[in-house]
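Trainee: Below you will find the structure I want to go over with you.
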Amino acid sequence: MLKTILLHAPLHVTRPERGPAAAALALAAQHKAKLTALLFDYQQPGRASGDAEAATAALQSAAGEAGVTVEAISTHSHAHGIHEVVADHARLHDLVVAGTDGNGLLPERQVSEYLLFESGRPVLLVPSEGGAIDTRVAAVAWDGSRAAARALGDAMPLLRSADDVVLLHFPDDKPLRGSLDLDRVESALCDRGLPVRSHPAQRGARAIGVALGQEARAQGAGLLVMGAYTRAPLRERLLGGATRHVLDRPLLPTLLSH
C-alpha cells in the first residue's frame, strides 16, 4: 500500500501537467497517498532563479483538482549536499518519483542515480514529456536475481491495481538465475493475486535496456519494473547496461530498486 510519495521536482524542469509531477499526482490520487514535493531551485549559469512560489501554487492547484494532499518544500539546509538532503527525505516515503533530465547545473539524472543507490527506496523514473502514468498494464523484468526480486516486492502496491502483469525475460540474453523456471514464478505470483502472464522474448542485437522498454511497450505496458544493477570496484560505480539506459532515456515510466 502506498501512503506517502516523494516527488523530486527541480524548478527549472517541473510542470504539474507532464513528466514526473504528472505521474506523482496521478499515483497519489489513485492510491489516496500524501504527496511531498521537493521544489528546489538548482540555479543555472545565465538563467534567472526559479519562482518557487509560482511552482508551489501550480502544483497545489493541480493537486486540489486531483483530490491530493500535497506538501511543497522549497528550502533546505545548506549544511548538507543537495543529494543527501533529497535522499534523507526519500527514506521517509514509500516511493520516490523523479526525472532523468540531463540539463542544468545539477541534472535530475544525477540526483536520481544517487537516490537509486543511496536512499534505500524504490525510484520511479518518468520521461520528462510523459503525461499521467497508466499502470493498468505493467511489465516486470525477471531474471531470478536478488535485484529483480527486490523490485518486484517494492512494486507490489502498483501491481495489485493492474489488470495485466507481464513477466519479461530474454532467454537469448542470459539464463534465469536459480532453480525456478518462469512457470513457477508465474504460479507464485498468481497465488499472490496478480493477473500475471509470461512473455519470453528475443533480445537479438538490441541493447538490453532498449529491448526491455520496447517489449514492455509492445505488450501495452504503461509501467516497467526492474532491478537496478551496479558494480563498485574501489570507489568507481559502473552501472549495468539496462540501468544506465533507463537513467539516460527511459522509454516509459520505470520503477527501479537496488
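Note on naming: chains are A, B, ... as they come in the C-alpha cells, residues start from 1 per chain, ligands start from 1 in the order shown.
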Enumerate, as a PDB file with N, CA and C atoms, in the first residue's frame, the complete set of residues in range 81-164 of chain A that a backbone-based DSSP assignment places in alpha helix (DSSP H).

Mentor:
```
ATOM      1  N   ILE A  82      23.029  18.643  -1.592  1.00  0.00           N
ATOM      2  CA  ILE A  82      21.646  18.512  -2.052  1.00  0.00           C
ATOM      3  C   ILE A  82      21.268  17.061  -2.266  1.00  0.00           C
ATOM      4  N   HIS A  83      22.205  16.238  -2.742  1.00  0.00           N
ATOM      5  CA  HIS A  83      21.915  14.822  -2.921  1.00  0.00           C
ATOM      6  C   HIS A  83      21.514  14.189  -1.581  1.00  0.00           C
ATOM      7  N   GLU A  84      22.254  14.536  -0.537  1.00  0.00           N
ATOM      8  CA  GLU A  84      21.977  13.964   0.779  1.00  0.00           C
ATOM      9  C   GLU A  84      20.628  14.425   1.310  1.00  0.00           C
ATOM     10  N   VAL A  85      20.311  15.693   1.084  1.00  0.00           N
ATOM     11  CA  VAL A  85      19.029  16.235   1.561  1.00  0.00           C
ATOM     12  C   VAL A  85      17.862  15.502   0.899  1.00  0.00           C
ATOM     13  N   VAL A  86      17.941  15.336  -0.414  1.00  0.00           N
ATOM     14  CA  VAL A  86      16.866  14.646  -1.136  1.00  0.00           C
ATOM     15  C   VAL A  86      16.766  13.195  -0.674  1.00  0.00           C
ATOM     16  N   ALA A  87      17.908  12.529  -0.500  1.00  0.00           N
ATOM     17  CA  ALA A  87      17.896  11.132  -0.044  1.00  0.00           C
ATOM     18  C   ALA A  87      17.325  11.011   1.354  1.00  0.00           C
ATOM     19  N   ASP A  88      17.619  11.972   2.232  1.00  0.00           N
ATOM     20  CA  ASP A  88      17.058  11.940   3.590  1.00  0.00           C
ATOM     21  C   ASP A  88      15.533  11.976   3.547  1.00  0.00           C
ATOM     22  N   HIS A  89      14.977  12.847   2.707  1.00  0.00           N
ATOM     23  CA  HIS A  89      13.521  12.903   2.560  1.00  0.00           C
ATOM     24  C   HIS A  89      12.992  11.595   1.954  1.00  0.00           C
ATOM     25  N   ALA A  90      13.710  11.074   0.980  1.00  0.00           N
ATOM     26  CA  ALA A  90      13.260   9.861   0.292  1.00  0.00           C
ATOM     27  C   ALA A  90      13.109   8.698   1.254  1.00  0.00           C
ATOM     28  N   GLU A 108      18.671  16.376 -13.054  1.00  0.00           N
ATOM     29  CA  GLU A 108      17.795  15.391 -12.424  1.00  0.00           C
ATOM     30  C   GLU A 108      18.413  14.005 -12.463  1.00  0.00           C
ATOM     31  N   ARG A 109      19.004  13.660 -13.588  1.00  0.00           N
ATOM     32  CA  ARG A 109      19.549  12.326 -13.759  1.00  0.00           C
ATOM     33  C   ARG A 109      20.588  12.011 -12.693  1.00  0.00           C
ATOM     34  N   GLN A 110      21.426  12.988 -12.361  1.00  0.00           N
ATOM     35  CA  GLN A 110      22.468  12.784 -11.367  1.00  0.00           C
ATOM     36  C   GLN A 110      21.876  12.513  -9.990  1.00  0.00           C
ATOM     37  N   VAL A 111      20.864  13.298  -9.630  1.00  0.00           N
ATOM     38  CA  VAL A 111      20.216  13.097  -8.336  1.00  0.00           C
ATOM     39  C   VAL A 111      19.466  11.768  -8.321  1.00  0.00           C
ATOM     40  N   SER A 112      18.820  11.423  -9.427  1.00  0.00           N
ATOM     41  CA  SER A 112      18.076  10.165  -9.490  1.00  0.00           C
ATOM     42  C   SER A 112      18.992   8.966  -9.305  1.00  0.00           C
ATOM     43  N   GLU A 113      20.175   9.011  -9.909  1.00  0.00           N
ATOM     44  CA  GLU A 113      21.125   7.916  -9.733  1.00  0.00           C
ATOM     45  C   GLU A 113      21.537   7.785  -8.272  1.00  0.00           C
ATOM     46  N   TYR A 114      21.777   8.919  -7.630  1.00  0.00           N
ATOM     47  CA  TYR A 114      22.157   8.899  -6.215  1.00  0.00           C
ATOM     48  C   TYR A 114      21.025   8.304  -5.369  1.00  0.00           C
ATOM     49  N   LEU A 115      19.792   8.721  -5.645  1.00  0.00           N
ATOM     50  CA  LEU A 115      18.640   8.208  -4.897  1.00  0.00           C
ATOM     51  C   LEU A 115      18.500   6.705  -5.065  1.00  0.00           C
ATOM     52  N   LEU A 116      18.714   6.241  -6.277  1.00  0.00           N
ATOM     53  CA  LEU A 116      18.533   4.832  -6.578  1.00  0.00           C
ATOM     54  C   LEU A 116      19.439   3.959  -5.727  1.00  0.00           C
ATOM     55  N   PHE A 117      20.670   4.388  -5.535  1.00  0.00           N
ATOM     56  CA  PHE A 117      21.633   3.539  -4.844  1.00  0.00           C
ATOM     57  C   PHE A 117      21.885   3.935  -3.391  1.00  0.00           C
ATOM     58  N   GLU A 118      21.384   5.101  -2.970  1.00  0.00           N
ATOM     59  CA  GLU A 118      21.691   5.546  -1.612  1.00  0.00           C
ATOM     60  C   GLU A 118      20.475   5.776  -0.717  1.00  0.00           C
ATOM     61  N   ARG A 146      18.467 -11.261  -7.098  1.00  0.00           N
ATOM     62  CA  ARG A 146      18.047 -10.545  -5.900  1.00  0.00           C
ATOM     63  C   ARG A 146      17.449  -9.192  -6.248  1.00  0.00           C
ATOM     64  N   ALA A 147      18.103  -8.472  -7.182  1.00  0.00           N
ATOM     65  CA  ALA A 147      17.616  -7.151  -7.552  1.00  0.00           C
ATOM     66  C   ALA A 147      16.229  -7.218  -8.190  1.00  0.00           C
ATOM     67  N   ALA A 148      16.003  -8.227  -9.025  1.00  0.00           N
ATOM     68  CA  ALA A 148      14.689  -8.388  -9.650  1.00  0.00           C
ATOM     69  C   ALA A 148      13.624  -8.690  -8.601  1.00  0.00           C
ATOM     70  N   ALA A 149      13.962  -9.529  -7.625  1.00  0.00           N
ATOM     71  CA  ALA A 149      13.011  -9.854  -6.558  1.00  0.00           C
ATOM     72  C   ALA A 149      12.705  -8.633  -5.714  1.00  0.00           C
ATOM     73  N   ARG A 150      13.725  -7.823  -5.426  1.00  0.00           N
ATOM     74  CA  ARG A 150      13.519  -6.606  -4.651  1.00  0.00           C
ATOM     75  C   ARG A 150      12.590  -5.654  -5.396  1.00  0.00           C
ATOM     76  N   ALA A 151      12.813  -5.482  -6.688  1.00  0.00           N
ATOM     77  CA  ALA A 151      11.970  -4.595  -7.476  1.00  0.00           C
ATOM     78  C   ALA A 151      10.525  -5.092  -7.514  1.00  0.00           C
ATOM     79  N   LEU A 152      10.358  -6.402  -7.681  1.00  0.00           N
ATOM     80  CA  LEU A 152       9.022  -6.988  -7.694  1.00  0.00           C
ATOM     81  C   LEU A 152       8.302  -6.718  -6.385  1.00  0.00           C
ATOM     82  N   GLY A 153       8.979  -6.917  -5.271  1.00  0.00           N
ATOM     83  CA  GLY A 153       8.363  -6.666  -3.969  1.00  0.00           C
ATOM     84  C   GLY A 153       8.018  -5.203  -3.768  1.00  0.00           C
ATOM     85  N   ASP A 154       8.933  -4.307  -4.161  1.00  0.00           N
ATOM     86  CA  ASP A 154       8.675  -2.879  -3.999  1.00  0.00           C
ATOM     87  C   ASP A 154       7.531  -2.396  -4.881  1.00  0.00           C
ATOM     88  N   ALA A 155       7.326  -3.070  -6.006  1.00  0.00           N
ATOM     89  CA  ALA A 155       6.285  -2.637  -6.948  1.00  0.00           C
ATOM     90  C   ALA A 155       4.914  -3.220  -6.644  1.00  0.00           C
ATOM     91  N   MET A 156       4.799  -4.111  -5.668  1.00  0.00           N
ATOM     92  CA  MET A 156       3.525  -4.792  -5.409  1.00  0.00           C
ATOM     93  C   MET A 156       2.336  -3.844  -5.217  1.00  0.00           C
ATOM     94  N   PRO A 157       2.491  -2.706  -4.509  1.00  0.00           N
ATOM     95  CA  PRO A 157       1.330  -1.806  -4.399  1.00  0.00           C
ATOM     96  C   PRO A 157       0.816  -1.321  -5.743  1.00  0.00           C
ATOM     97  N   LEU A 158       1.705  -1.150  -6.717  1.00  0.00           N
ATOM     98  CA  LEU A 158       1.288  -0.738  -8.059  1.00  0.00           C
ATOM     99  C   LEU A 158       0.750  -1.913  -8.855  1.00  0.00           C
ATOM    100  N   LEU A 159       1.378  -3.063  -8.712  1.00  0.00           N
ATOM    101  CA  LEU A 159       0.975  -4.235  -9.493  1.00  0.00           C
ATOM    102  C   LEU A 159      -0.392  -4.759  -9.064  1.00  0.00           C
TER     103      LEU A 159
END
```

Trainee: Any idea what's packed within 12 Å of Gly131 in chain A, counting only C-alpha atoms, ignoring anything in its chain fewer than 4 positions away? Could you give it as an NGL selection string?

Mentor: :A and (15-27 or 126-127 or 222 or 252-253)

Trainee: Could you check the closest approach to Ala66 in chain A for each of A:Phe40, A:Val97, A:His78, A:Ala33 and tell me which residue wins, using only C-alpha atoms?

Mentor: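 Between A:Phe40, A:Val97, A:His78, A:Ala33, the residue approaching Ala66 in chain A most closely is A:Ala33.
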
Trainee: Between CA of Asp163 in chain A and CA of Arg136 in chain A, what is the spacing in Å?

Mentor: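 Rounded to one decimal, the two atoms are 5.1 Å apart.
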
Trainee: Could you tell me how far CA of Thr69 in chain A lies from CA of Ile5 in chain A, in Å and to one decimal?

Mentor: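 Taking CA of Thr69 in chain A and CA of Ile5 in chain A, their separation equals 10.6 Å.
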
Trainee: So which residues touch Gln60 in chain A within 12 Å, counting only C-alpha atoms, skipping near sequence neighbours fewer than 4 positions away, as a list in words?

Mentor: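 Final neighbour list, sorted by chain and number: Arg15, Pro16, Glu17, Ala21, Leu25, Leu35, Thr36, Ala37, Leu39, Ala52, Glu53, Ala54, Ala55, Thr56, Gly64, Glu65, Ala66, Gly67, Val68, Thr69, Val70, Glu71, Ala72 and Ile73 of chain A.
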
Trainee: Could you work out how far CA of Ser119 in chain A lies from CA of His169 in chain A, giving the answer in Å with one decimal?

Mentor: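 Between CA of His169 in chain A and CA of Ser119 in chain A the gap works out to 27.5 Å.
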
Trainee: Which of these, A:Asp191, A:Asp183, A:Asp134, A:Asp41, has the shortest distance to Pro107 in chain A once you count only C-alpha atoms?

Mentor: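 Of A:Asp191, A:Asp183, A:Asp134, A:Asp41, the one nearest Pro107 in chain A is A:Asp41, counting only C-alpha atoms.
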
Trainee: Just want the 8 Å neighbourhood of Leu95 in chain A, counted on only C-alpha atoms, with same-chain residues fewer than 3 positions away dropped. Output as a PyMOL selection string.

Mentor: chain A and resi 2+4-6+90+121-124

Trainee: Now that the selection is made, can you save its residues with all heavy atoms as an mmCIF file, in the first residue's frame?

Mentor:
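And here is the file that came out, out31.cif:
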```cif
data_model
loop_
_atom_site.group_PDB
_atom_site.id
_atom_site.type_symbol
_atom_site.label_atom_id
_atom_site.label_comp_id
_atom_site.auth_asym_id
_atom_site.auth_seq_id
_atom_site.Cartn_x
_atom_site.Cartn_y
_atom_site.Cartn_z
ATOM 1 N N LEU A 2 0.589 2.157 -0.896
ATOM 2 C CA LEU A 2 1.315 3.418 -0.936
ATOM 3 C C LEU A 2 0.586 4.449 -0.087
ATOM 4 O O LEU A 2 -0.573 4.768 -0.337
ATOM 5 C CB LEU A 2 1.419 3.938 -2.371
ATOM 6 C CG LEU A 2 2.312 3.183 -3.339
ATOM 7 C CD1 LEU A 2 2.277 3.853 -4.708
ATOM 8 C CD2 LEU A 2 3.743 3.134 -2.834
ATOM 9 N N THR A 4 2.675 7.328 1.215
ATOM 10 C CA THR A 4 3.421 8.569 1.024
ATOM 11 C C THR A 4 4.297 8.460 -0.218
ATOM 12 O O THR A 4 4.970 7.457 -0.433
ATOM 13 C CB THR A 4 4.306 8.890 2.238
ATOM 14 O OG1 THR A 4 5.215 7.804 2.471
ATOM 15 C CG2 THR A 4 3.451 9.111 3.481
ATOM 16 N N ILE A 5 4.281 9.502 -1.032
ATOM 17 C CA ILE A 5 5.073 9.564 -2.261
ATOM 18 C C ILE A 5 5.906 10.834 -2.230
ATOM 19 O O ILE A 5 5.403 11.913 -1.891
ATOM 20 C CB ILE A 5 4.158 9.561 -3.493
ATOM 21 C CG1 ILE A 5 3.352 8.258 -3.571
ATOM 22 C CG2 ILE A 5 4.966 9.756 -4.776
ATOM 23 C CD1 ILE A 5 2.290 8.262 -4.660
ATOM 24 N N LEU A 6 7.158 10.710 -2.582
ATOM 25 C CA LEU A 6 8.046 11.876 -2.680
ATOM 26 C C LEU A 6 8.288 12.208 -4.143
ATOM 27 O O LEU A 6 8.632 11.329 -4.944
ATOM 28 C CB LEU A 6 9.379 11.602 -1.991
ATOM 29 C CG LEU A 6 10.380 12.775 -2.045
ATOM 30 C CD1 LEU A 6 9.938 13.890 -1.116
ATOM 31 C CD2 LEU A 6 11.790 12.316 -1.699
ATOM 32 N N ALA A 90 13.710 11.074 0.980
ATOM 33 C CA ALA A 90 13.260 9.861 0.292
ATOM 34 C C ALA A 90 13.109 8.698 1.254
ATOM 35 O O ALA A 90 12.180 7.893 1.129
ATOM 36 C CB ALA A 90 14.245 9.503 -0.822
ATOM 37 N N ARG A 121 15.117 3.318 -1.133
ATOM 38 C CA ARG A 121 13.713 3.307 -1.534
ATOM 39 C C ARG A 121 13.610 3.045 -3.040
ATOM 40 O O ARG A 121 14.526 3.354 -3.805
ATOM 41 C CB ARG A 121 13.033 4.657 -1.219
ATOM 42 C CG ARG A 121 13.200 5.125 0.209
ATOM 43 C CD ARG A 121 12.800 4.078 1.231
ATOM 44 N NE ARG A 121 11.432 3.612 1.027
ATOM 45 C CZ ARG A 121 11.059 2.343 1.179
ATOM 46 N NH1 ARG A 121 11.927 1.417 1.497
ATOM 47 N NH2 ARG A 121 9.803 2.005 1.000
ATOM 48 N N PRO A 122 12.483 2.489 -3.491
ATOM 49 C CA PRO A 122 12.281 2.345 -4.935
ATOM 50 C C PRO A 122 12.112 3.706 -5.591
ATOM 51 O O PRO A 122 11.525 4.625 -5.005
ATOM 52 C CB PRO A 122 10.998 1.515 -5.028
ATOM 53 C CG PRO A 122 10.274 1.797 -3.744
ATOM 54 C CD PRO A 122 11.338 1.988 -2.704
ATOM 55 N N VAL A 123 12.636 3.835 -6.802
ATOM 56 C CA VAL A 123 12.580 5.101 -7.537
ATOM 57 C C VAL A 123 11.844 4.874 -8.853
ATOM 58 O O VAL A 123 12.213 3.997 -9.639
ATOM 59 C CB VAL A 123 13.995 5.650 -7.809
ATOM 60 C CG1 VAL A 123 13.913 6.951 -8.604
ATOM 61 C CG2 VAL A 123 14.740 5.878 -6.499
ATOM 62 N N LEU A 124 10.812 5.659 -9.080
ATOM 63 C CA LEU A 124 10.075 5.608 -10.336
ATOM 64 C C LEU A 124 10.604 6.714 -11.230
ATOM 65 O O LEU A 124 10.404 7.908 -10.956
ATOM 66 C CB LEU A 124 8.575 5.794 -10.096
ATOM 67 C CG LEU A 124 7.693 5.805 -11.356
ATOM 68 C CD1 LEU A 124 7.707 4.446 -12.040
ATOM 69 C CD2 LEU A 124 6.266 6.209 -11.005
#
```

Trainee: For Val210 in chain A, list every protein, DNA or RNA residue within 10 Å, evaluated using only C-alpha atoms, and leave out those in the same chain fewer than 2 positions away; present the list as a list of chain:residue names.

Mentor: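 Using only C-alpha atoms, the neighbours found are A:Arg203, A:Arg206, A:Ala207, A:Ile208, A:Leu212, A:Gly213, A:Gln214, A:Glu215, A:Ala216, A:Gly241, A:Ala242, A:His245, A:Val246, A:Arg249, A:Pro250, A:Leu251.
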
Trainee: For Gly130 in chain A, which residue among A:Ala57, A:Thr14, A:Ser145, A:Leu247 is the nearest when counting only C-alpha atoms?

Mentor: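 Between A:Ala57, A:Thr14, A:Ser145, A:Leu247, the residue approaching Gly130 in chain A most closely is A:Thr14.
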
Trainee: Extract the full set of strand (DSSP E) residues from range 27-234 of chain A according to DSSP on the backbone, and format it as a PyMOL selection string.

Mentor: chain A and resi 34-38+70-73+95-98+123-125+137-141+164-169+196-200+223-227+230-231

Trainee: Let's have the selection written as a CSV table (one decimal), in the first residue's frame, with N, CA and C atoms.

Mentor:
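Ended up saving to selection12.csv:
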```
chain,number,residue,atom,x,y,z
A,34,LYS,N,-0.4,10.7,0.4
A,34,LYS,CA,0.1,12.1,0.6
A,34,LYS,C,1.3,12.2,-0.3
A,35,LEU,N,1.4,13.4,-1.0
A,35,LEU,CA,2.5,13.7,-1.8
A,35,LEU,C,3.3,14.8,-1.2
A,36,THR,N,4.6,14.6,-1.1
A,36,THR,CA,5.6,15.6,-0.7
A,36,THR,C,6.4,16.0,-1.9
A,37,ALA,N,6.5,17.2,-2.2
A,37,ALA,CA,7.3,17.7,-3.4
A,37,ALA,C,8.4,18.5,-3.0
A,38,LEU,N,9.6,18.2,-3.4
A,38,LEU,CA,10.8,18.9,-3.2
A,38,LEU,C,11.0,19.9,-4.4
A,70,VAL,N,-0.9,17.7,-0.8
A,70,VAL,CA,0.5,17.9,-1.1
A,70,VAL,C,1.2,18.8,-0.2
A,71,GLU,N,2.4,18.5,0.2
A,71,GLU,CA,3.3,19.3,1.0
A,71,GLU,C,4.4,19.7,0.1
A,72,ALA,N,4.6,21.0,-0.2
A,72,ALA,CA,5.7,21.5,-1.0
A,72,ALA,C,6.8,22.1,-0.2
A,73,ILE,N,8.0,21.6,-0.4
A,73,ILE,CA,9.2,22.1,0.3
A,73,ILE,C,10.1,22.7,-0.7
A,95,LEU,N,7.6,5.6,-1.9
A,95,LEU,CA,8.0,5.6,-3.3
A,95,LEU,C,8.6,7.0,-3.6
A,96,VAL,N,9.6,7.1,-4.4
A,96,VAL,CA,10.2,8.3,-5.0
A,96,VAL,C,9.9,8.4,-6.5
A,97,VAL,N,9.4,9.5,-6.9
A,97,VAL,CA,9.1,9.8,-8.3
A,97,VAL,C,10.1,10.9,-8.8
A,98,ALA,N,10.9,10.6,-9.8
A,98,ALA,CA,11.9,11.5,-10.2
A,98,ALA,C,12.1,11.5,-11.8
A,123,VAL,N,12.6,3.8,-6.8
A,123,VAL,CA,12.6,5.1,-7.5
A,123,VAL,C,11.8,4.9,-8.9
A,124,LEU,N,10.8,5.7,-9.1
A,124,LEU,CA,10.1,5.6,-10.3
A,124,LEU,C,10.6,6.7,-11.2
A,125,LEU,N,11.3,6.3,-12.3
A,125,LEU,CA,11.8,7.3,-13.2
A,125,LEU,C,10.8,7.5,-14.4
A,137,VAL,N,-1.6,-1.9,-17.3
A,137,VAL,CA,-0.7,-3.0,-17.8
A,137,VAL,C,0.7,-2.7,-17.3
A,138,ALA,N,1.3,-3.6,-16.6
A,138,ALA,CA,2.7,-3.4,-16.1
A,138,ALA,C,3.6,-4.6,-16.5
A,139,ALA,N,4.8,-4.3,-16.9
A,139,ALA,CA,5.8,-5.3,-17.3
A,139,ALA,C,6.8,-5.4,-16.2
A,140,VAL,N,7.2,-6.6,-15.9
A,140,VAL,CA,8.2,-6.9,-14.8
A,140,VAL,C,9.4,-7.6,-15.5
A,141,ALA,N,10.6,-7.0,-15.4
A,141,ALA,CA,11.8,-7.7,-16.0
A,141,ALA,C,12.2,-8.7,-14.9
A,164,ASP,N,-3.2,-6.4,-15.9
A,164,ASP,CA,-2.4,-7.3,-16.6
A,164,ASP,C,-0.9,-7.1,-16.2
A,165,VAL,N,-0.3,-8.2,-15.7
A,165,VAL,CA,1.2,-8.1,-15.4
A,165,VAL,C,1.9,-9.0,-16.2
A,166,VAL,N,2.9,-8.5,-17.0
A,166,VAL,CA,3.7,-9.3,-17.9
A,166,VAL,C,5.1,-9.6,-17.4
A,167,LEU,N,5.5,-10.8,-17.3
A,167,LEU,CA,6.8,-11.2,-16.9
A,167,LEU,C,7.7,-11.2,-18.1
A,168,LEU,N,8.7,-10.3,-18.2
A,168,LEU,CA,9.6,-10.2,-19.4
A,168,LEU,C,10.9,-11.0,-19.1
A,169,HIS,N,11.3,-11.8,-20.0
A,169,HIS,CA,12.6,-12.5,-19.9
A,169,HIS,C,13.1,-12.7,-21.3
A,196,VAL,N,-1.1,-12.4,-13.9
A,196,VAL,CA,0.3,-12.4,-14.5
A,196,VAL,C,0.3,-13.4,-15.7
A,197,ARG,N,1.2,-13.1,-16.6
A,197,ARG,CA,1.5,-14.0,-17.7
A,197,ARG,C,2.9,-13.8,-18.1
A,198,SER,N,3.6,-14.8,-18.6
A,198,SER,CA,5.0,-14.8,-19.0
A,198,SER,C,5.1,-14.3,-20.5
A,199,HIS,N,6.2,-13.6,-20.8
A,199,HIS,CA,6.5,-13.2,-22.2
A,199,HIS,C,8.0,-13.4,-22.4
A,200,PRO,N,8.4,-14.6,-22.7
A,200,PRO,CA,9.8,-14.8,-23.1
A,200,PRO,C,10.0,-14.1,-24.5
A,223,LEU,N,4.0,0.8,-17.5
A,223,LEU,CA,4.9,0.8,-16.4
A,223,LEU,C,5.8,-0.4,-16.6
A,224,LEU,N,7.1,-0.2,-16.4
A,224,LEU,CA,8.1,-1.2,-16.4
A,224,LEU,C,8.8,-1.3,-15.0
A,225,VAL,N,8.9,-2.5,-14.5
A,225,VAL,CA,9.5,-2.7,-13.2
A,225,VAL,C,10.8,-3.6,-13.4
A,226,MET,N,11.9,-3.1,-12.8
A,226,MET,CA,13.2,-3.9,-13.0
A,226,MET,C,14.1,-3.6,-11.9
A,227,GLY,N,15.0,-4.5,-11.6
A,227,GLY,CA,16.1,-4.3,-10.6
A,227,GLY,C,17.2,-3.5,-11.2
A,230,THR,N,24.6,-2.6,-10.2
A,230,THR,CA,25.8,-1.9,-10.2
A,230,THR,C,27.0,-2.7,-9.7
A,231,ARG,N,28.2,-2.4,-10.2
A,231,ARG,CA,29.4,-3.0,-9.7
A,231,ARG,C,30.2,-1.9,-9.2
```
